file my_file_10.txt (compact mmCIF, C-alpha atoms)
# COMPACT_ATOMS: atom_id res chain seq x y z
CA MET A 277 -22.75 -13.15 29.56
CA SER A 278 -25.84 -13.47 31.77
CA LEU A 279 -29.23 -14.38 30.40
CA MET A 280 -30.36 -10.80 30.89
CA GLN A 281 -27.63 -9.68 28.46
CA ARG A 282 -28.64 -12.09 25.73
CA LYS A 283 -30.54 -9.91 23.31
CA LEU A 284 -32.71 -11.43 20.61
CA GLY A 285 -34.21 -9.44 17.73
CA CYS A 286 -35.10 -11.59 14.72
CA ASP A 287 -38.50 -10.74 13.25
CA PRO A 288 -41.01 -13.36 12.09
CA LYS A 289 -40.33 -14.69 8.61
CA VAL A 290 -41.02 -12.42 5.66
CA THR A 291 -41.49 -14.15 2.30
CA ASP A 292 -40.85 -13.03 -1.26
CA GLU A 293 -41.78 -15.30 -4.15
CA ARG A 294 -38.68 -14.09 -6.01
CA THR A 295 -36.30 -15.55 -3.41
CA LEU A 296 -33.98 -18.01 -5.11
CA GLN A 297 -33.99 -21.57 -3.76
CA LEU A 298 -30.63 -23.31 -3.48
CA ALA A 299 -32.16 -26.65 -4.46
CA ASN A 300 -32.59 -25.27 -8.00
CA TYR A 301 -28.83 -24.71 -8.39
CA LEU A 302 -27.11 -27.35 -6.29
CA ARG A 303 -26.91 -30.90 -7.64
CA LEU A 304 -26.24 -33.15 -4.68
CA ASP A 305 -25.59 -36.11 -6.97
CA LYS A 306 -22.74 -34.22 -8.67
CA LEU A 307 -20.87 -33.37 -5.48
CA PRO A 308 -17.90 -35.24 -4.04
CA VAL A 309 -18.51 -37.07 -0.76
CA ILE A 310 -19.25 -34.48 1.90
CA PRO A 311 -17.34 -34.95 5.19
CA ASN A 312 -19.33 -36.33 8.11
CA ALA A 313 -17.91 -33.58 10.32
CA ILE A 314 -17.64 -29.97 9.17
CA ASP A 315 -16.21 -27.26 11.42
CA TRP A 316 -15.27 -23.91 9.91
CA GLY A 317 -14.47 -22.48 13.33
CA ALA A 318 -12.17 -25.26 14.55
CA THR A 319 -8.96 -23.23 14.30
CA GLN A 320 -10.45 -19.89 15.31
CA GLY A 321 -8.73 -19.09 18.60
CA LYS A 322 -9.96 -15.55 19.12
CA SER A 323 -13.19 -14.23 20.55
CA TRP A 324 -15.85 -13.82 17.92
CA GLY A 325 -17.02 -10.57 19.44
CA VAL A 326 -20.56 -9.77 20.61
CA MET A 327 -21.01 -7.06 17.96
CA ARG A 328 -23.30 -5.04 20.27
CA ASN A 329 -25.78 -7.91 20.56
CA ASP A 330 -25.45 -7.71 24.34
CA GLU A 331 -26.95 -4.20 24.22
CA LEU A 332 -29.08 -4.22 21.08
CA GLY A 333 -31.42 -6.60 19.31
CA CYS A 334 -29.09 -6.63 16.32
CA CYS A 335 -28.54 -10.40 16.10
CA VAL A 336 -29.45 -10.47 12.41
CA LEU A 337 -26.72 -7.97 11.50
CA ALA A 338 -24.23 -9.43 13.99
CA GLY A 339 -24.79 -12.71 12.12
CA LEU A 340 -23.63 -11.08 8.88
CA GLY A 341 -20.53 -9.91 10.73
CA HIS A 342 -19.82 -13.42 11.98
CA LEU A 343 -20.16 -14.77 8.43
CA VAL A 344 -17.47 -12.34 7.28
CA GLN A 345 -15.23 -13.70 10.04
CA LEU A 346 -15.78 -17.30 8.92
CA TRP A 347 -15.26 -16.58 5.23
CA THR A 348 -12.06 -14.60 5.67
CA HIS A 349 -10.61 -16.88 8.34
CA ASN A 350 -10.95 -19.99 6.18
CA ARG A 351 -9.57 -18.65 2.90
CA PRO A 352 -6.23 -20.12 1.79
CA ASN A 353 -3.56 -18.10 3.58
CA GLY A 354 -6.29 -15.80 4.81
CA ARG A 355 -6.63 -14.03 8.11
CA MET A 356 -9.87 -13.42 9.93
CA LEU A 357 -11.31 -9.96 9.39
CA THR A 358 -13.80 -8.52 11.87
CA VAL A 359 -16.15 -5.70 10.99
CA SER A 360 -16.41 -3.00 13.61
CA ASP A 361 -19.29 -2.60 16.04
CA ASP A 362 -20.06 0.76 14.41
CA GLU A 363 -20.44 -0.95 11.05
CA VAL A 364 -22.83 -3.49 12.55
CA VAL A 365 -24.88 -0.68 14.12
CA LYS A 366 -24.97 1.16 10.78
CA ALA A 367 -26.31 -1.96 9.11
CA TYR A 368 -28.87 -2.30 11.92
CA HIS A 369 -29.97 1.27 11.20
CA ASP A 370 -30.27 0.57 7.48
CA VAL A 371 -32.06 -2.77 7.79
CA GLY A 372 -33.99 -2.49 11.05
CA GLY A 373 -34.47 1.26 11.40
CA TYR A 374 -32.51 1.53 14.63
CA VAL A 375 -31.53 5.07 15.61
CA PRO A 376 -28.59 5.15 18.05
CA GLY A 377 -29.67 6.48 21.43
CA ARG A 378 -33.36 5.77 20.84
CA SER A 379 -34.38 2.55 22.56
CA ASP A 380 -37.84 2.70 20.99
CA THR A 381 -36.25 1.98 17.60
CA ASP A 382 -34.40 -1.12 18.84
CA ARG A 383 -36.98 -3.51 17.42
CA GLY A 384 -34.94 -6.13 15.57
CA ALA A 385 -34.79 -6.91 11.86
CA ASN A 386 -35.88 -9.53 9.36
CA MET A 387 -33.63 -12.05 7.67
CA LEU A 388 -34.73 -11.56 4.09
CA LYS A 389 -34.15 -7.81 4.13
CA ALA A 390 -30.72 -8.41 5.67
CA CYS A 391 -29.85 -10.91 2.91
CA LYS A 392 -30.77 -8.37 0.24
CA TYR A 393 -28.78 -5.69 2.06
CA MET A 394 -25.71 -7.92 2.21
CA CYS A 395 -25.79 -8.25 -1.58
CA LYS A 396 -26.65 -4.64 -2.41
CA THR A 397 -24.71 -2.70 0.25
CA GLY A 398 -22.73 -5.09 2.42
CA VAL A 399 -21.36 -4.75 5.93
CA GLY A 400 -18.01 -3.14 6.62
CA GLY A 401 -17.02 -3.26 2.96
CA HIS A 402 -17.90 -6.94 2.56
CA LYS A 403 -20.64 -7.82 0.08
CA ALA A 404 -22.10 -11.06 -1.22
CA LEU A 405 -22.71 -11.81 -4.89
CA ALA A 406 -25.99 -13.57 -4.25
CA PHE A 407 -28.00 -15.48 -1.66
CA ALA A 408 -30.41 -18.39 -1.74
CA GLU A 409 -32.83 -19.98 0.68
CA ILE A 410 -32.63 -23.54 1.96
CA ASP A 411 -35.37 -25.68 3.45
CA PRO A 412 -34.08 -26.15 7.04
CA THR A 413 -35.57 -29.66 7.16
CA HIS A 414 -33.52 -30.80 4.15
CA GLU A 415 -30.53 -32.24 6.00
CA ALA A 416 -28.48 -33.23 2.95
CA MET A 417 -28.90 -29.84 1.30
CA SER A 418 -28.06 -28.01 4.53
CA ARG A 419 -24.92 -30.06 5.09
CA ALA A 420 -23.79 -29.55 1.50
CA ALA A 421 -24.44 -25.81 1.75
CA LEU A 422 -22.44 -25.52 4.97
CA TRP A 423 -19.53 -27.36 3.40
CA LEU A 424 -19.60 -25.41 0.12
CA PHE A 425 -20.38 -21.89 1.33
CA GLY A 426 -18.69 -21.63 4.71
CA GLY A 427 -21.62 -20.97 7.03
CA LEU A 428 -25.42 -20.98 7.26
CA PHE A 429 -27.41 -17.86 8.10
CA ASP A 430 -30.18 -19.21 10.34
CA ALA A 431 -33.20 -17.90 12.20
CA TYR A 432 -34.56 -19.77 15.21
CA ASP A 433 -37.84 -19.56 17.10
CA LEU A 434 -36.12 -20.06 20.44
CA PRO A 435 -37.98 -21.72 23.30
CA ILE A 436 -37.55 -20.60 26.91
CA SER A 437 -35.98 -24.00 27.64
CA ALA A 438 -32.86 -22.91 25.72
CA GLN A 439 -32.09 -20.35 28.42
CA SER A 440 -30.97 -23.06 30.84
CA GLN A 441 -29.31 -25.51 28.43
CA ASP A 442 -25.58 -25.71 27.83
CA THR A 443 -26.39 -27.58 24.63
CA TRP A 444 -29.65 -26.51 23.04
CA ASP A 445 -31.94 -29.51 22.72
CA SER A 446 -35.58 -30.33 22.16
CA ALA A 447 -37.78 -32.00 24.74
CA PRO A 448 -37.85 -35.79 25.03
CA GLY A 449 -40.46 -36.97 22.55
CA GLY A 450 -40.33 -33.64 20.69
CA SER A 451 -42.82 -31.74 22.83
CA ASP A 452 -43.45 -28.17 21.69
CA THR A 453 -45.50 -26.97 24.63
CA GLY A 454 -44.69 -25.10 27.83
CA ASP A 455 -41.05 -24.00 28.02
CA TYR A 456 -40.39 -25.90 24.77
CA LYS A 457 -42.89 -23.87 22.75
CA PRO A 458 -41.25 -22.32 19.67
CA ARG A 459 -40.62 -18.59 20.04
CA SER A 460 -41.65 -18.58 23.71
CA TRP A 461 -38.27 -16.88 24.28
CA GLY A 462 -38.19 -15.09 20.92
CA GLY A 463 -36.68 -14.99 17.45
CA HIS A 464 -32.91 -15.11 17.11
CA ALA A 465 -30.44 -15.14 14.20
CA VAL A 466 -27.25 -17.21 14.38
CA VAL A 467 -24.54 -18.51 12.05
CA THR A 468 -24.18 -22.28 11.94
CA MET A 469 -20.55 -23.21 11.37
CA ARG A 470 -20.24 -26.80 12.62
CA GLN A 471 -22.12 -30.04 12.00
CA ASP A 472 -21.45 -33.71 12.56
CA ARG A 473 -23.74 -36.71 12.72
CA ASP A 474 -25.64 -35.75 15.86
CA THR A 475 -24.73 -32.22 16.88
CA SER A 476 -23.97 -28.83 15.43
CA ALA A 477 -22.88 -25.45 16.68
CA CYS A 478 -23.52 -21.83 15.88
CA VAL A 479 -21.82 -18.52 16.58
CA THR A 480 -23.96 -16.16 18.65
CA TRP A 481 -23.40 -13.54 21.35
CA GLY A 482 -19.66 -13.82 20.76
CA TYR A 483 -19.25 -17.52 21.53
CA VAL A 484 -19.92 -20.98 20.09
CA GLN A 485 -23.28 -22.46 21.11
CA PRO A 486 -23.68 -26.25 20.70
CA MET A 487 -27.05 -27.72 19.76
CA THR A 488 -28.45 -31.07 18.75
CA GLU A 489 -29.76 -31.97 15.32
CA ARG A 490 -33.18 -32.47 16.96
CA PHE A 491 -33.13 -28.86 18.11
CA GLN A 492 -32.30 -27.63 14.63
CA LYS A 493 -35.12 -29.61 13.07
CA GLN A 494 -37.68 -28.35 15.57
CA TYR A 495 -36.77 -24.69 15.92
CA CYS A 496 -34.90 -23.49 12.82
CA ARG A 497 -37.46 -21.62 10.71
CA GLU A 498 -35.28 -19.89 8.09
CA ARG A 499 -31.97 -20.78 6.48
CA TYR A 500 -29.97 -18.90 3.85
CA VAL A 501 -26.57 -19.23 2.22
CA PHE A 502 -24.46 -16.55 0.52
CA LEU A 503 -22.22 -16.72 -2.50
CA SER A 504 -19.40 -14.46 -1.32
CA GLU A 505 -16.15 -13.37 -2.93
CA ASP A 506 -14.67 -13.49 0.59
CA TRP A 507 -15.15 -17.25 0.45
CA LEU A 508 -14.52 -18.18 -3.17
CA THR A 509 -10.95 -18.74 -4.36
CA ASN A 510 -10.15 -16.58 -7.39
CA GLY A 511 -13.88 -16.26 -8.07
CA GLU A 512 -14.12 -19.86 -9.19
CA SER A 513 -17.40 -21.75 -9.24
CA ILE A 514 -17.79 -24.65 -6.87
CA ALA A 515 -18.07 -28.21 -8.14
CA GLY A 516 -21.70 -29.24 -8.38
CA PHE A 517 -22.98 -25.66 -8.04
CA ASP A 518 -24.40 -23.75 -11.00
CA LYS A 519 -23.09 -20.30 -10.20
CA LYS A 520 -23.75 -19.00 -13.70
CA ALA A 521 -27.43 -19.95 -13.62
CA LEU A 522 -27.94 -18.48 -10.15
CA LEU A 523 -26.40 -15.15 -11.11
CA ALA A 524 -28.44 -15.05 -14.32
CA ASP A 525 -31.65 -15.68 -12.40
CA LEU A 526 -30.63 -13.07 -9.84
CA GLN A 527 -30.40 -10.49 -12.61
CA ARG A 528 -33.93 -11.31 -13.73
CA VAL A 529 -35.59 -11.14 -10.31
CA THR A 530 -33.90 -7.91 -9.24
CA ARG A 531 -34.75 -5.85 -12.32

call {"tool": "encode", "arguments": {"input": "my_file_10.txt", "output": "structure tokens"}}
result
Amino acid sequence: MSLMQRKLGCDPKVTDERTLQLANYLRLDKLPVIPNAIDWGATQGKSWGVMRNDELGCCVLAGLGHLVQLWTHNRPNGRMLTVSDDEVVKAYHDVGGYVPGRSDTDRGANMLKACKYMCKTGVGGHKALAFAEIDPTHEAMSRAALWLFGGLFDAYDLPISAQSQDTWDSAPGGSDTGDYKPRSWGGHAVVTMRQDRDTSACVTWGYVQPMTERFQKQYCRERYVFLSEDWLTNGESIAGFDKKALLADLQRVTR
């Protein structure tokens, strides 16, 4: 896919004081040792699919579709399920207001509204039970969340420099000016599915994009995780995670 076909479309961050914070429900000290290398896409041999993000600024909703792929692919004895392009476009209509055939309505979408939509309506018949926000700078929490929940729903303020990098990286010394200025290219939603000590990778535009930890720290502005039945085994809670408390709080803030 050429650079001209790489559509962005993630709006600036929208906040809601009711958004649940994962740090309130995840006890890092109660977890088993988390692997140094996590890769939920390691055995995925098929194309991830662009999900119309080569034509439309629907990266936020394509990201939800890629999460469904990760969750279903990694279940015990599971097979990867892929939501259709039409289902992604429907979600883009519902969340971002896109009207098929009207380019003036192709204006992107915001992450928080998409998270709420995934829990209330879902994409292609796949819904999440709940979602929570993570501080992108909290490395230990992010790594634990990736390991426990099967993928991170991330928003990046992409710099122009990323257009010419095989592996997305920050400037030497951490410069954030010129081509390295955050959002000088635009806002983009991705799904992080791999991390090790120094690098990570996300699914976007139908392929796996490597990036350094430095890049994540500098340009990731939003990070969410979903509690999904597609991921859980027999609906069981995860060790170290207070599912009951999160769902109880969710009931209170959505009344």

call {"tool": "residues_around", "arguments": {"input": "my_file_10.txt", "residues": "Asn329 (chain A)", "least_positions_apart": "3", "cutoff": "10 Å", "atoms": "only C-alpha atoms", "output": "count of residues only"}}
result
21

call {"tool": "atom_distance", "arguments": {"input": "my_file_10.txt", "atom1": "CA of Thr381 (chain A)", "atom2": "CA of Trp461 (chain A)"}}
result
20.1 Å

call {"tool": "atom_distance", "arguments": {"input": "my_file_10.txt", "atom1": "CA of Thr468 (chain A)", "atom2": "CA of Thr413 (chain A)"}}
result
14.4 Å

call {"tool": "residues_around", "arguments": {"input": "my_file_10.txt", "residues": "Arg470 (chain A)", "least_positions_apart": "6", "cutoff": "7 Å", "atoms": "only C-alpha atoms", "output": "compact mmCIF listing (two decimals) with C-alpha atoms, in the coordinates of the input"}}
result
# COMPACT_ATOMS: atom_id res chain seq x y z
CA ILE A 314 -17.64 -29.97 9.17
CA ASP A 315 -16.21 -27.26 11.42
CA TRP A 316 -15.27 -23.91 9.91
CA SER A 476 -23.97 -28.83 15.43
CA ALA A 477 -22.88 -25.45 16.68
CA CYS A 478 -23.52 -21.83 15.88

call {"tool": "closest_residue", "arguments": {"input": "my_file_10.txt", "among": "A:Ala406, A:Val466, A:Leu523, A:Ile436", "to": "Asp452 (chain A)", "atoms": "only C-alpha atoms"}}
result
A:Ile436

call {"tool": "atom_distance", "arguments": {"input": "my_file_10.txt", "atom1": "CA of Val371 (chain A)", "atom2": "CA of Met469 (chain A)"}}
result
23.7 Å

call {"tool": "closest_residue", "arguments": {"input": "my_file_10.txt", "among": "A:Leu304, A:Val484, A:Ala420, A:Asp330", "to": "Asp442 (chain A)", "atoms": "all atoms listed in the file"}}
result
A:Val484

call {"tool": "closest_residue", "arguments": {"input": "my_file_10.txt", "among": "A:Arg355, A:Lys457, A:His342, A:Lys392", "to": "Trp324 (chain A)", "atoms": "all atoms listed in the file"}}
result
A:His342

call {"tool": "closest_residue", "arguments": {"input": "my_file_10.txt", "among": "A:Val290, A:Ala465, A:Leu340, A:Leu405", "to": "Leu508 (chain A)", "atoms": "only C-alpha atoms"}}
result
A:Leu405

call {"tool": "closest_residue", "arguments": {"input": "my_file_10.txt", "among": "A:Arg378, A:Lys396, A:Lys306, A:Lys493", "to": "Pro412 (chain A)", "atoms": "all atoms listed in the file"}}
result
A:Lys493

call {"tool": "closest_residue", "arguments": {"input": "my_file_10.txt", "among": "A:Met487, A:Leu296, A:Val467, A:Ala521", "to": "Ala408 (chain A)", "atoms": "all atoms listed in the file"}}
result
A:Leu296

call {"tool": "build_atoms", "arguments": {"input": "my_file_10.txt", "residues": "region 318-338 of chain A", "atoms": "N, CA, C and O atoms", "output": "mmCIF file, keeping the file's coordinate frame"}}
result
data_model
loop_
_atom_site.group_PDB
_atom_site.id
_atom_site.type_symbol
_atom_site.label_atom_id
_atom_site.label_comp_id
_atom_site.auth_asym_id
_atom_site.auth_seq_id
_atom_site.Cartn_x
_atom_site.Cartn_y
_atom_site.Cartn_z
ATOM 1 N N ALA A 318 -13.023 -24.393 13.724
ATOM 2 C CA ALA A 318 -12.170 -25.260 14.550
ATOM 3 C C ALA A 318 -10.850 -24.600 14.924
ATOM 4 O O ALA A 318 -10.339 -24.807 16.023
ATOM 5 N N THR A 319 -10.272 -23.820 14.027
ATOM 6 C CA THR A 319 -8.960 -23.230 14.300
ATOM 7 C C THR A 319 -9.055 -21.757 14.686
ATOM 8 O O THR A 319 -8.051 -21.055 14.718
ATOM 9 N N GLN A 320 -10.256 -21.304 14.953
ATOM 10 C CA GLN A 320 -10.450 -19.890 15.310
ATOM 11 C C GLN A 320 -10.204 -19.746 16.808
ATOM 12 O O GLN A 320 -11.016 -20.147 17.630
ATOM 13 N N GLY A 321 -9.085 -19.159 17.190
ATOM 14 C CA GLY A 321 -8.730 -19.090 18.600
ATOM 15 C C GLY A 321 -9.122 -17.810 19.295
ATOM 16 O O GLY A 321 -8.978 -17.684 20.501
ATOM 17 N N LYS A 322 -9.613 -16.838 18.538
ATOM 18 C CA LYS A 322 -9.960 -15.550 19.120
ATOM 19 C C LYS A 322 -11.435 -15.506 19.509
ATOM 20 O O LYS A 322 -12.231 -16.334 19.108
ATOM 21 N N SER A 323 -11.775 -14.476 20.272
ATOM 22 C CA SER A 323 -13.190 -14.230 20.550
ATOM 23 C C SER A 323 -13.876 -13.780 19.278
ATOM 24 O O SER A 323 -13.316 -13.034 18.478
ATOM 25 N N TRP A 324 -15.093 -14.225 19.093
ATOM 26 C CA TRP A 324 -15.850 -13.820 17.920
ATOM 27 C C TRP A 324 -16.359 -12.385 18.036
ATOM 28 O O TRP A 324 -16.650 -11.747 17.039
ATOM 29 N N GLY A 325 -16.495 -11.911 19.249
ATOM 30 C CA GLY A 325 -17.020 -10.570 19.440
ATOM 31 C C GLY A 325 -18.549 -10.580 19.508
ATOM 32 O O GLY A 325 -19.211 -11.277 18.735
ATOM 33 N N VAL A 326 -19.102 -9.819 20.426
ATOM 34 C CA VAL A 326 -20.560 -9.770 20.610
ATOM 35 C C VAL A 326 -21.224 -8.906 19.547
ATOM 36 O O VAL A 326 -22.397 -9.082 19.230
ATOM 37 N N MET A 327 -20.498 -7.942 19.008
ATOM 38 C CA MET A 327 -21.010 -7.060 17.960
ATOM 39 C C MET A 327 -22.269 -6.319 18.398
ATOM 40 O O MET A 327 -23.238 -6.214 17.650
ATOM 41 N N ARG A 328 -22.245 -5.852 19.639
ATOM 42 C CA ARG A 328 -23.300 -5.040 20.270
ATOM 43 C C ARG A 328 -24.586 -5.818 20.542
ATOM 44 O O ARG A 328 -25.579 -5.238 20.968
ATOM 45 N N ASN A 329 -24.577 -7.139 20.326
ATOM 46 C CA ASN A 329 -25.780 -7.910 20.560
ATOM 47 C C ASN A 329 -26.046 -8.185 22.042
ATOM 48 O O ASN A 329 -27.031 -8.825 22.400
ATOM 49 N N ASP A 330 -25.160 -7.680 22.918
ATOM 50 C CA ASP A 330 -25.450 -7.710 24.340
ATOM 51 C C ASP A 330 -26.229 -6.472 24.769
ATOM 52 O O ASP A 330 -26.832 -6.450 25.844
ATOM 53 N N GLU A 331 -26.237 -5.442 23.923
ATOM 54 C CA GLU A 331 -26.950 -4.200 24.220
ATOM 55 C C GLU A 331 -28.149 -3.979 23.321
ATOM 56 O O GLU A 331 -29.127 -3.350 23.735
ATOM 57 N N LEU A 332 -28.060 -4.482 22.088
ATOM 58 C CA LEU A 332 -29.080 -4.220 21.080
ATOM 59 C C LEU A 332 -29.618 -5.513 20.485
ATOM 60 O O LEU A 332 -28.921 -6.532 20.462
ATOM 61 N N GLY A 333 -30.823 -5.442 19.970
ATOM 62 C CA GLY A 333 -31.420 -6.600 19.310
ATOM 63 C C GLY A 333 -30.968 -6.715 17.872
ATOM 64 O O GLY A 333 -31.796 -6.873 16.951
ATOM 65 N N CYS A 334 -29.667 -6.673 17.672
ATOM 66 C CA CYS A 334 -29.090 -6.630 16.320
ATOM 67 C C CYS A 334 -28.527 -7.980 15.895
ATOM 68 O O CYS A 334 -27.572 -8.043 15.117
ATOM 69 N N CYS A 335 -29.100 -9.079 16.378
ATOM 70 C CA CYS A 335 -28.540 -10.400 16.100
ATOM 71 C C CYS A 335 -28.469 -10.697 14.606
ATOM 72 O O CYS A 335 -27.536 -11.365 14.143
ATOM 73 N N VAL A 336 -29.441 -10.201 13.842
ATOM 74 C CA VAL A 336 -29.450 -10.470 12.410
ATOM 75 C C VAL A 336 -28.214 -9.873 11.745
ATOM 76 O O VAL A 336 -27.534 -10.519 10.946
ATOM 77 N N LEU A 337 -27.875 -8.632 12.112
ATOM 78 C CA LEU A 337 -26.720 -7.970 11.500
ATOM 79 C C LEU A 337 -25.409 -8.458 12.100
ATOM 80 O O LEU A 337 -24.386 -8.543 11.403
ATOM 81 N N ALA A 338 -25.415 -8.812 13.383
ATOM 82 C CA ALA A 338 -24.230 -9.430 13.990
ATOM 83 C C ALA A 338 -23.927 -10.751 13.273
ATOM 84 O O ALA A 338 -22.767 -11.116 13.076
#
